[in-house]
file model04.pdb (PDB, C-alpha atoms)
ATOM      1  CA  MET A  79     270.833  92.584   4.875  1.00  0.00           C
ATOM      2  CA  ASN A  80     273.901  94.210   6.400  1.00  0.00           C
ATOM      3  CA  ALA A  81     275.316  97.566   5.339  1.00  0.00           C
ATOM      4  CA  ALA A  82     278.101  96.021   3.254  1.00  0.00           C
ATOM      5  CA  ALA A  83     275.639  93.894   1.282  1.00  0.00           C
ATOM      6  CA  GLU A  84     273.344  96.861   0.744  1.00  0.00           C
ATOM      7  CA  THR A  85     276.273  98.814  -0.711  1.00  0.00           C
ATOM      8  CA  LEU A  86     277.262  95.952  -3.023  1.00  0.00           C
ATOM      9  CA  ASN A  87     273.720  95.642  -4.372  1.00  0.00           C
ATOM     10  CA  ASP A  88     273.275  99.379  -4.904  1.00  0.00           C
ATOM     11  CA  PRO A  89     274.033 100.317  -8.554  1.00  0.00           C
ATOM     12  CA  ALA A  90     274.786 103.871  -7.435  1.00  0.00           C
ATOM     13  CA  ALA A  91     277.757 102.556  -5.435  1.00  0.00           C
ATOM     14  CA  GLY A  92     279.839 102.159  -8.607  1.00  0.00           C
ATOM     15  CA  PRO A  93     280.674  99.134 -10.750  1.00  0.00           C
ATOM     16  CA  LEU A  94     281.750  95.781  -9.352  1.00  0.00           C
ATOM     17  CA  LEU A  95     283.843  95.349 -12.496  1.00  0.00           C
ATOM     18  CA  ASP A  96     285.727  98.614 -12.827  1.00  0.00           C
ATOM     19  CA  PRO A  97     287.597  98.980 -16.173  1.00  0.00           C
ATOM     20  CA  ARG A  98     290.334 100.911 -14.379  1.00  0.00           C
ATOM     21  CA  ARG A  99     291.453  97.690 -12.677  1.00  0.00           C
ATOM     22  CA  LEU A 100     292.635  96.476 -16.071  1.00  0.00           C
ATOM     23  CA  ASP A 101     295.537  98.913 -15.617  1.00  0.00           C
ATOM     24  CA  ARG A 102     297.069  96.764 -12.875  1.00  0.00           C
ATOM     25  CA  ALA A 103     300.780  96.195 -13.405  1.00  0.00           C
ATOM     26  CA  ASP A 104     300.314  92.420 -13.600  1.00  0.00           C
ATOM     27  CA  THR A 105     297.761  92.515 -16.434  1.00  0.00           C
ATOM     28  CA  VAL A 106     299.075  90.606 -19.449  1.00  0.00           C
ATOM     29  CA  VAL A 107     298.234  91.954 -22.921  1.00  0.00           C
ATOM     30  CA  ARG A 108     299.574  90.211 -26.022  1.00  0.00           C
ATOM     31  CA  ASP A 109     298.933  90.452 -29.747  1.00  0.00           C
ATOM     32  CA  GLN A 110     300.672  87.219 -30.761  1.00  0.00           C
ATOM     33  CA  PRO A 111     299.821  84.531 -31.730  1.00  0.00           C
ATOM     34  CA  PHE A 112     296.447  86.291 -31.383  1.00  0.00           C
ATOM     35  CA  ALA A 113     295.228  89.200 -29.271  1.00  0.00           C
ATOM     36  CA  PHE A 114     294.410  88.316 -25.653  1.00  0.00           C
ATOM     37  CA  LEU A 115     294.634  89.617 -22.120  1.00  0.00           C
ATOM     38  CA  ILE A 116     294.791  88.121 -18.648  1.00  0.00           C
ATOM     39  CA  ALA A 117     293.831  90.275 -15.670  1.00  0.00           C
ATOM     40  CA  ARG A 118     293.752  89.304 -12.005  1.00  0.00           C
ATOM     41  CA  GLU A 119     291.881  90.646  -8.966  1.00  0.00           C
ATOM     42  CA  GLN A 120     289.260  92.398 -11.075  1.00  0.00           C
ATOM     43  CA  LEU A 121     286.513  92.130  -8.452  1.00  0.00           C
ATOM     44  CA  PRO A 122     286.353  93.541  -4.913  1.00  0.00           C
ATOM     45  CA  ALA A 123     287.048  90.945  -2.244  1.00  0.00           C
ATOM     46  CA  ASP A 124     284.054  92.042  -0.202  1.00  0.00           C
ATOM     47  CA  ALA A 125     281.679  91.149  -3.045  1.00  0.00           C
ATOM     48  CA  ALA A 126     282.616  87.454  -3.048  1.00  0.00           C
ATOM     49  CA  ALA A 127     280.029  86.278  -0.514  1.00  0.00           C
ATOM     50  CA  ASP A 128     277.160  88.077  -2.241  1.00  0.00           C
ATOM     51  CA  LEU A 129     278.175  86.798  -5.677  1.00  0.00           C
ATOM     52  CA  ALA A 130     278.380  83.243  -4.334  1.00  0.00           C
ATOM     53  CA  ARG A 131     274.945  83.546  -2.752  1.00  0.00           C
ATOM     54  CA  ASP A 132     273.379  85.083  -5.875  1.00  0.00           C
ATOM     55  CA  PHE A 133     274.963  82.729  -8.416  1.00  0.00           C
ATOM     56  CA  PRO A 134     272.378  80.658 -10.316  1.00  0.00           C
ATOM     57  CA  ARG A 135     271.913  77.073  -9.130  1.00  0.00           C
ATOM     58  CA  TYR A 136     271.645  75.262 -12.428  1.00  0.00           C
ATOM     59  CA  PRO A 137     270.973  71.539 -11.962  1.00  0.00           C
ATOM     60  CA  ASN A 138     273.037  70.596 -15.026  1.00  0.00           C
ATOM     61  CA  ALA A 139     276.559  71.197 -16.300  1.00  0.00           C
ATOM     62  CA  GLY A 140     277.427  73.689 -19.019  1.00  0.00           C
ATOM     63  CA  PHE A 141     276.928  77.298 -20.101  1.00  0.00           C
ATOM     64  CA  PHE A 142     273.394  78.704 -20.211  1.00  0.00           C
ATOM     65  CA  PRO A 143     272.100  82.096 -21.422  1.00  0.00           C
ATOM     66  CA  HIS A 144     271.816  84.647 -18.623  1.00  0.00           C
ATOM     67  CA  GLU A 145     268.301  85.183 -17.344  1.00  0.00           C
ATOM     68  CA  ALA A 146     267.885  87.746 -14.576  1.00  0.00           C
ATOM     69  CA  ARG A 147     265.288  85.625 -12.784  1.00  0.00           C
ATOM     70  CA  ASP A 148     267.889  82.865 -12.247  1.00  0.00           C
ATOM     71  CA  CYS A 149     270.292  85.208 -10.465  1.00  0.00           C
ATOM     72  CA  GLY A 150     270.401  87.355  -7.373  1.00  0.00           C
ATOM     73  CA  PRO A 151     271.003  91.114  -7.508  1.00  0.00           C
ATOM     74  CA  SER A 152     274.797  91.117  -7.238  1.00  0.00           C
ATOM     75  CA  VAL A 153     275.219  88.701 -10.172  1.00  0.00           C
ATOM     76  CA  ASN A 154     272.804  90.734 -12.286  1.00  0.00           C
ATOM     77  CA  ARG A 155     274.787  93.825 -11.379  1.00  0.00           C
ATOM     78  CA  LEU A 156     278.021  92.131 -12.464  1.00  0.00           C
ATOM     79  CA  VAL A 157     276.395  91.138 -15.764  1.00  0.00           C
ATOM     80  CA  ALA A 158     275.395  94.767 -16.291  1.00  0.00           C
ATOM     81  CA  ASP A 159     279.015  95.796 -15.711  1.00  0.00           C
ATOM     82  CA  LEU A 160     280.330  93.139 -18.119  1.00  0.00           C
ATOM     83  CA  THR A 161     277.982  94.321 -20.866  1.00  0.00           C
ATOM     84  CA  SER A 162     278.491  98.046 -20.331  1.00  0.00           C
ATOM     85  CA  PRO A 163     280.005 100.088 -23.190  1.00  0.00           C
ATOM     86  CA  ALA A 164     282.698 101.380 -20.822  1.00  0.00           C
ATOM     87  CA  PHE A 165     283.961  97.880 -20.027  1.00  0.00           C
ATOM     88  CA  ALA A 166     283.637  96.733 -23.651  1.00  0.00           C
ATOM     89  CA  ASN A 167     285.634  99.670 -24.954  1.00  0.00           C
ATOM     90  CA  ALA A 168     288.325  99.167 -22.300  1.00  0.00           C
ATOM     91  CA  ILE A 169     288.714  95.558 -23.478  1.00  0.00           C
ATOM     92  CA  GLY A 170     288.504  96.595 -27.133  1.00  0.00           C
ATOM     93  CA  ARG A 171     291.281  99.161 -26.803  1.00  0.00           C
ATOM     94  CA  ARG A 172     293.618  96.519 -25.446  1.00  0.00           C
ATOM     95  CA  LEU A 173     292.724  94.003 -28.146  1.00  0.00           C
ATOM     96  CA  GLY A 174     292.811  96.401 -31.084  1.00  0.00           C
ATOM     97  CA  ILE A 175     289.052  96.731 -31.650  1.00  0.00           C
ATOM     98  CA  PRO A 176     287.712 100.282 -31.437  1.00  0.00           C
ATOM     99  CA  ASP A 177     284.053 100.798 -30.475  1.00  0.00           C
ATOM    100  CA  LEU A 178     283.559  97.260 -29.188  1.00  0.00           C
ATOM    101  CA  GLY A 179     280.866  98.733 -26.936  1.00  0.00           C
ATOM    102  CA  ASP A 180     278.652  99.224 -30.004  1.00  0.00           C
ATOM    103  CA  LYS A 181     278.389  95.474 -30.582  1.00  0.00           C
ATOM    104  CA  PRO A 182     275.587  93.225 -29.274  1.00  0.00           C
ATOM    105  CA  THR A 183     276.472  91.017 -26.317  1.00  0.00           C
ATOM    106  CA  LEU A 184     275.579  87.507 -25.279  1.00  0.00           C
ATOM    107  CA  VAL A 185     276.112  86.484 -21.656  1.00  0.00           C
ATOM    108  CA  THR A 186     276.258  82.843 -20.636  1.00  0.00           C
ATOM    109  CA  ILE A 187     276.812  81.464 -17.151  1.00  0.00           C
ATOM    110  CA  CYS A 188     278.254  78.183 -15.958  1.00  0.00           C
ATOM    111  CA  ARG A 189     278.106  76.734 -12.473  1.00  0.00           C
ATOM    112  CA  SER A 190     279.565  73.298 -13.181  1.00  0.00           C
ATOM    113  CA  LEU A 191     281.189  71.225 -15.905  1.00  0.00           C
ATOM    114  CA  ASN A 192     281.444  67.643 -16.946  1.00  0.00           C
ATOM    115  CA  LYS A 193     284.443  66.177 -18.737  1.00  0.00           C
ATOM    116  CA  ARG A 194     282.963  66.852 -22.173  1.00  0.00           C
ATOM    117  CA  HIS A 195     283.587  70.583 -21.739  1.00  0.00           C
ATOM    118  CA  GLY A 196     286.794  72.512 -22.388  1.00  0.00           C
ATOM    119  CA  THR A 197     287.876  70.915 -25.658  1.00  0.00           C
ATOM    120  CA  ILE A 198     290.271  72.994 -27.776  1.00  0.00           C
ATOM    121  CA  HIS A 199     288.523  75.459 -30.083  1.00  0.00           C
ATOM    122  CA  THR A 200     288.742  78.975 -31.523  1.00  0.00           C
ATOM    123  CA  ASP A 201     285.142  80.247 -30.979  1.00  0.00           C
ATOM    124  CA  SER A 202     282.770  80.810 -33.874  1.00  0.00           C
ATOM    125  CA  ARG A 203     283.234  83.571 -36.452  1.00  0.00           C
ATOM    126  CA  SER A 204     280.147  85.332 -35.096  1.00  0.00           C
ATOM    127  CA  LYS A 205     282.093  86.143 -31.910  1.00  0.00           C
ATOM    128  CA  ILE A 206     284.365  89.177 -32.121  1.00  0.00           C
ATOM    129  CA  VAL A 207     285.705  89.073 -28.564  1.00  0.00           C
ATOM    130  CA  THR A 208     285.040  86.774 -25.629  1.00  0.00           C
ATOM    131  CA  ALA A 209     285.723  87.531 -21.957  1.00  0.00           C
ATOM    132  CA  LEU A 210     285.347  85.251 -18.963  1.00  0.00           C
ATOM    133  CA  VAL A 211     285.346  86.269 -15.302  1.00  0.00           C
ATOM    134  CA  TYR A 212     285.787  83.548 -12.716  1.00  0.00           C
ATOM    135  CA  LEU A 213     284.062  83.382  -9.338  1.00  0.00           C
ATOM    136  CA  ASN A 214     285.636  80.451  -7.480  1.00  0.00           C
ATOM    137  CA  GLU A 215     286.969  81.439  -4.054  1.00  0.00           C
ATOM    138  CA  SER A 216     289.438  78.551  -4.157  1.00  0.00           C
ATOM    139  CA  TRP A 217     290.759  75.980  -6.617  1.00  0.00           C
ATOM    140  CA  PRO A 218     292.651  72.759  -5.888  1.00  0.00           C
ATOM    141  CA  ASP A 219     296.283  72.442  -6.826  1.00  0.00           C
ATOM    142  CA  ILE A 220     295.490  70.774 -10.163  1.00  0.00           C
ATOM    143  CA  SER A 221     295.612  71.771 -13.823  1.00  0.00           C
ATOM    144  CA  GLU A 222     292.176  70.327 -14.612  1.00  0.00           C
ATOM    145  CA  GLY A 223     289.744  73.168 -15.342  1.00  0.00           C
ATOM    146  CA  CYS A 224     292.461  75.845 -15.631  1.00  0.00           C
ATOM    147  CA  PHE A 225     292.101  78.052 -18.719  1.00  0.00           C
ATOM    148  CA  ARG A 226     294.791  77.732 -21.393  1.00  0.00           C
ATOM    149  CA  PHE A 227     295.673  79.879 -24.403  1.00  0.00           C
ATOM    150  CA  LEU A 228     297.243  77.525 -26.933  1.00  0.00           C
ATOM    151  CA  ASN A 229     299.518  77.580 -29.960  1.00  0.00           C
ATOM    152  CA  ARG A 230     297.917  74.604 -31.681  1.00  0.00           C
ATOM    153  CA  ILE A 231     294.542  72.929 -32.074  1.00  0.00           C
ATOM    154  CA  ASP A 232     295.941  69.460 -31.451  1.00  0.00           C
ATOM    155  CA  ASP A 233     298.010  69.903 -28.269  1.00  0.00           C
ATOM    156  CA  ILE A 234     296.503  71.056 -24.962  1.00  0.00           C
ATOM    157  CA  ASP A 235     300.008  71.252 -23.499  1.00  0.00           C
ATOM    158  CA  ASP A 236     301.435  73.717 -26.055  1.00  0.00           C
ATOM    159  CA  LEU A 237     300.681  76.800 -23.949  1.00  0.00           C
ATOM    160  CA  VAL A 238     301.172  80.397 -25.089  1.00  0.00           C
ATOM    161  CA  VAL A 239     301.430  81.568 -21.469  1.00  0.00           C
ATOM    162  CA  PRO A 240     301.017  79.765 -18.134  1.00  0.00           C
ATOM    163  CA  GLU A 241     297.486  78.468 -17.527  1.00  0.00           C
ATOM    164  CA  VAL A 242     295.023  80.637 -15.580  1.00  0.00           C
ATOM    165  CA  ARG A 243     293.458  79.171 -12.468  1.00  0.00           C
ATOM    166  CA  PRO A 244     289.723  79.976 -12.403  1.00  0.00           C
ATOM    167  CA  LEU A 245     289.940  81.928  -9.164  1.00  0.00           C
ATOM    168  CA  TYR A 246     287.660  84.693  -7.984  1.00  0.00           C
ATOM    169  CA  GLY A 247     288.215  87.915  -9.916  1.00  0.00           C
ATOM    170  CA  HIS A 248     290.504  86.461 -12.582  1.00  0.00           C
ATOM    171  CA  LEU A 249     289.518  87.530 -16.072  1.00  0.00           C
ATOM    172  CA  VAL A 250     290.623  86.419 -19.522  1.00  0.00           C
ATOM    173  CA  ALA A 251     289.610  87.950 -22.846  1.00  0.00           C
ATOM    174  CA  PHE A 252     290.629  87.356 -26.434  1.00  0.00           C
ATOM    175  CA  ARG A 253     289.920  88.454 -29.957  1.00  0.00           C
ATOM    176  CA  ARG A 254     288.518  85.646 -32.044  1.00  0.00           C
ATOM    177  CA  ALA A 255     290.835  84.528 -34.871  1.00  0.00           C
ATOM    178  CA  ASP A 256     291.350  81.425 -36.943  1.00  0.00           C
ATOM    179  CA  ASN A 257     294.145  80.491 -34.521  1.00  0.00           C
ATOM    180  CA  SER A 258     292.657  81.711 -31.208  1.00  0.00           C
ATOM    181  CA  PHE A 259     292.978  78.225 -29.730  1.00  0.00           C
ATOM    182  CA  HIS A 260     291.984  77.811 -26.107  1.00  0.00           C
ATOM    183  CA  GLY A 261     290.567  75.203 -23.762  1.00  0.00           C
ATOM    184  CA  HIS A 262     291.250  73.338 -20.537  1.00  0.00           C
ATOM    185  CA  LEU A 263     291.908  69.841 -19.299  1.00  0.00           C
ATOM    186  CA  PRO A 264     288.815  67.748 -18.538  1.00  0.00           C
ATOM    187  CA  HIS A 265     287.187  68.657 -15.230  1.00  0.00           C
ATOM    188  CA  GLU A 266     283.993  67.532 -13.565  1.00  0.00           C
ATOM    189  CA  GLY A 267     282.382  69.557 -10.805  1.00  0.00           C
ATOM    190  CA  GLU A 268     281.713  73.144  -9.816  1.00  0.00           C
ATOM    191  CA  ARG A 269     283.546  75.850 -11.769  1.00  0.00           C
ATOM    192  CA  ARG A 270     281.687  79.160 -11.594  1.00  0.00           C
ATOM    193  CA  VAL A 271     282.247  81.557 -14.495  1.00  0.00           C
ATOM    194  CA  ILE A 272     280.377  84.279 -16.358  1.00  0.00           C
ATOM    195  CA  GLN A 273     281.149  84.705 -20.052  1.00  0.00           C
ATOM    196  CA  VAL A 274     280.340  87.632 -22.311  1.00  0.00           C
ATOM    197  CA  ALA A 275     280.772  87.519 -26.077  1.00  0.00           C
ATOM    198  CA  TRP A 276     280.552  90.563 -28.308  1.00  0.00           C
ATOM    199  CA  LEU A 277     278.864  89.435 -31.522  1.00  0.00           C
ATOM    200  CA  THR A 278     278.755  90.433 -35.170  1.00  0.00           C
ATOM    201  CA  SER A 279     274.961  90.975 -35.259  1.00  0.00           C
ATOM    202  CA  GLU A 280     271.690  90.900 -33.353  1.00  0.00           C
ATOM    203  CA  GLU A 281     270.637  87.980 -35.540  1.00  0.00           C
ATOM    204  CA  GLU A 282     273.553  85.939 -34.232  1.00  0.00           C
ATOM    205  CA  LYS A 283     272.625  86.872 -30.672  1.00  0.00           C
ATOM    206  CA  LEU A 284     269.066  85.630 -31.212  1.00  0.00           C
ATOM    207  CA  ARG A 285     270.283  82.417 -32.833  1.00  0.00           C
ATOM    208  CA  LYS A 286     272.768  81.651 -30.083  1.00  0.00           C
ATOM    209  CA  THR A 287     270.257  82.505 -27.342  1.00  0.00           C
ATOM    210  CA  GLN A 288     267.677  80.159 -28.821  1.00  0.00           C
ATOM    211  CA  ARG A 289     270.278  77.413 -29.161  1.00  0.00           C
ATOM    212  CA  GLY A 290     271.343  77.942 -25.544  1.00  0.00           C
ATOM    213  CA  LYS A 291     267.771  77.645 -24.293  1.00  0.00           C
ATOM    214  CA  PHE A 292     267.317  74.425 -26.260  1.00  0.00           C
ATOM    215  CA  SER A 293     270.558  73.106 -24.769  1.00  0.00           C
ATOM    216  CA  ARG A 294     269.290  73.896 -21.279  1.00  0.00           C
ATOM    217  CA  LEU A 295     266.084  71.953 -21.937  1.00  0.00           C
ATOM    218  CA  PHE A 296     268.001  69.050 -23.481  1.00  0.00           C
ATOM    219  CA  LYS A 297     270.333  68.807 -20.487  1.00  0.00           C
ATOM    220  CA  LYS A 298     267.391  68.972 -18.097  1.00  0.00           C
ATOM    221  CA  LEU A 299     265.934  65.919 -19.836  1.00  0.00           C
ATOM    222  CA  PHE A 300     269.113  64.057 -20.813  1.00  0.00           C
ATOM    223  CA  GLY A 301     271.874  65.418 -18.571  1.00  0.00           C
ATOM    224  CA  GLY A 302     273.021  61.918 -17.647  1.00  0.00           C
ATOM    225  CA  ILE A 303     273.684  61.074 -21.288  1.00  0.00           C
ATOM    226  CA  ASP A 304     275.676  64.301 -21.746  1.00  0.00           C
ATOM    227  CA  ARG A 305     277.817  63.398 -18.765  1.00  0.00           C
ATOM    228  CA  ARG A 306     278.467  59.847 -19.965  1.00  0.00           C
ATOM    229  CA  LEU A 307     279.404  61.040 -23.457  1.00  0.00           C
ATOM    230  CA  GLY A 308     282.139  63.221 -22.047  1.00  0.00           C
ATOM    231  CA  ALA A 309     283.496  60.822 -19.456  1.00  0.00           C
ATOM    232  CA  GLY A 310     286.251  59.393 -21.628  1.00  0.00           C
ATOM    233  CA  ARG A 311     287.147  62.303 -23.872  1.00  0.00           C
ATOM    234  CA  ASP A 312     290.726  62.664 -25.020  1.00  0.00           C
ATOM    235  CA  ARG A 313     292.728  65.452 -23.367  1.00  0.00           C
ATOM    236  CA  ASN A 314     293.523  66.890 -26.839  1.00  0.00           C
ATOM    237  CA  ALA A 315     289.959  66.704 -28.129  1.00  0.00           C
ATOM    238  CA  ALA A 316     289.141  69.703 -30.327  1.00  0.00           C
ATOM    239  CA  HIS A 317     286.587  71.345 -32.564  1.00  0.00           C
ATOM    240  CA  ARG A 318     287.067  74.420 -34.736  1.00  0.00           C
ATOM    241  CA  ASP A 319     284.448  76.703 -33.186  1.00  0.00           C
TER     242      ASP A 319
END

call {"tool": "encode", "arguments": {"input": "model04.pdb", "output": "structure tokens"}}
result
Amino acid sequence: MNAAAETLNDPAAGPLLDPRRLDRADTVVRDQPFAFLIAREQLPADAAADLARDFPRYPNAGFFPHEARDCGPSVNRLVADLTSPAFANAIGRRLGIPDLGDKPTLVTICRSLNKRHGTIHTDSRSKIVTALVYLNESWPDISEGCFRFLNRIDDIDDLVVPEVRPLYGHLVAFRRADNSFHGHLPHEGERRVIQVAWLTSEEEKLRKTQRGKFSRLFKKLFGGIDRRLGAGRDRNAAHRD
């Protein structure tokens, strides 16, 4: 391991995800039609190679609960940063939620998607805030797979702000509300992202973790069916949570 990699994988070297980067001049913070933020270049450029190497190699599409054994050290370090009280409270201050760092967290990780994913939804009521940090060094010049905050549940093209390409270091976060509509156009293929949700209770964390592990097993056994089910989904497909 070279000196740069050793520094990146040393927790004493400081966080990969530094809350102070949220103060960049190009960070977008809004409270209408619901509270959200968009922040770019939130990760150091020299961490990209290590994070790509250490990213879990799930054989199936979708989000799966974080397990340290699936990941290399730099990804586990990034997860620790995402779930730290300092980062949570920095997000919470911008979204109008004091002491967000006191809430339980659930981290899920996605390496690839099929076209079933990304339908318009609000997130469940058990989620207080959700944040996603993207880890794709490049993205084609397409809208498919680009994150969208939306005004309506029935129109993927009614954007609140321009869509966010899922590029390395880009981060989006939002406060769950009955109108916190979001989603993306159908995309199939690699799209690396780590998601953290701050939850209402430990019981909800346990329930969602168990459901995520079942989903991982189901997709291991029946991943082809999951892919076929999503192949023809409507671009405006939606579900409430």

call {"tool": "residues_around", "arguments": {"input": "model04.pdb", "residues": "Phe112 of chain A", "least_positions_apart": "5", "cutoff": "10 Å", "atoms": "only C-alpha atoms", "output": "NGL selection string"}}
result
:A and (173 or 227-229 or 238 or 252-259)

call {"tool": "atom_distance", "arguments": {"input": "model04.pdb", "atom1": "atom CA of Ile175 of chain A", "atom2": "atom CA of Val207 of chain A"}}
result
8.9 Å

call {"tool": "atom_distance", "arguments": {"input": "model04.pdb", "atom1": "atom CA of Pro244 of chain A", "atom2": "atom CA of Ser221 of chain A"}}
result
10.2 Å

call {"tool": "atom_distance", "arguments": {"input": "model04.pdb", "atom1": "atom CA of Ser190 of chain A", "atom2": "atom CA of Asp159 of chain A"}}
result
22.6 Å

call {"tool": "resolve_selection", "arguments": {"input": "model04.pdb", "expression": "the PyMOL selection byres ((chain A and resi 155) around 8)", "output": "VMD selection string"}}
result
chain A and resid 87 89 93 to 94 151 to 154 156 to 159

call {"tool": "residues_around", "arguments": {"input": "model04.pdb", "residues": "Val106 of chain A", "least_positions_apart": "3", "cutoff": "8 Å", "atoms": "all atoms listed in the file", "output": "list of chain:residue names"}}
result
A:Leu115, A:Ile116, A:Ala117

call {"tool": "resolve_selection", "arguments": {"input": "model04.pdb", "expression": "the PyMOL selection byres ((chain A and resi 226) around 7)", "output": "list in words"}}
result
Cys224, Phe225, Phe227, Leu228, Leu237, Glu241, Val242, His260, Gly261 and His262 of chain A

call {"tool": "resolve_selection", "arguments": {"input": "model04.pdb", "expression": "the PyMOL selection byres ((chain A and resi 130-133) around 7)", "output": "PyMOL selection string"}}
result
chain A and resi 126-129+134-135+149-153

call {"tool": "residues_around", "arguments": {"input": "model04.pdb", "residues": "segment 208-217 of chain A", "least_positions_apart": "5", "cutoff": "6 Å", "atoms": "all atoms listed in the file", "output": "MDAnalysis selection string"}}
result
chainID A and resid 244:252 270:275

call {"tool": "closest_residue", "arguments": {"input": "model04.pdb", "among": "A:Pro111, A:Phe165, A:Leu284, A:Asp233", "to": "Arg99 of chain A", "atoms": "all atoms listed in the file"}}
result
A:Phe165

call {"tool": "closest_atom_pairs", "arguments": {"input": "model04.pdb", "of": "segment 181-259 of chain A", "to": "segment 263-269 of chain A", "cutoff": "7 Å", "atoms": "all atoms listed in the file", "output": "Markdown table"}}
result
| residue | atom | partner | partner_atom | distance |
| --- | --- | --- | --- | --- |
| A:Arg189 | CA | A:Arg269 | CA | 5.6 |
| A:Ser190 | CA | A:Glu268 | CA | 4.0 |
| A:Leu191 | CA | A:Glu266 | CA | 5.2 |
| A:Asn192 | CA | A:Glu266 | CA | 4.2 |
| A:Lys193 | CA | A:Pro264 | CA | 4.6 |
| A:Arg194 | CA | A:Pro264 | CA | 6.9 |
| A:His195 | CA | A:Pro264 | CA | 6.8 |
| A:Gly196 | CA | A:Pro264 | CA | 6.5 |
| A:Asn214 | CA | A:Arg269 | CA | 6.6 |
| A:Ser221 | CA | A:Leu263 | CA | 6.9 |
| A:Glu222 | CA | A:Leu263 | CA | 4.7 |
| A:Gly223 | CA | A:His265 | CA | 5.2 |
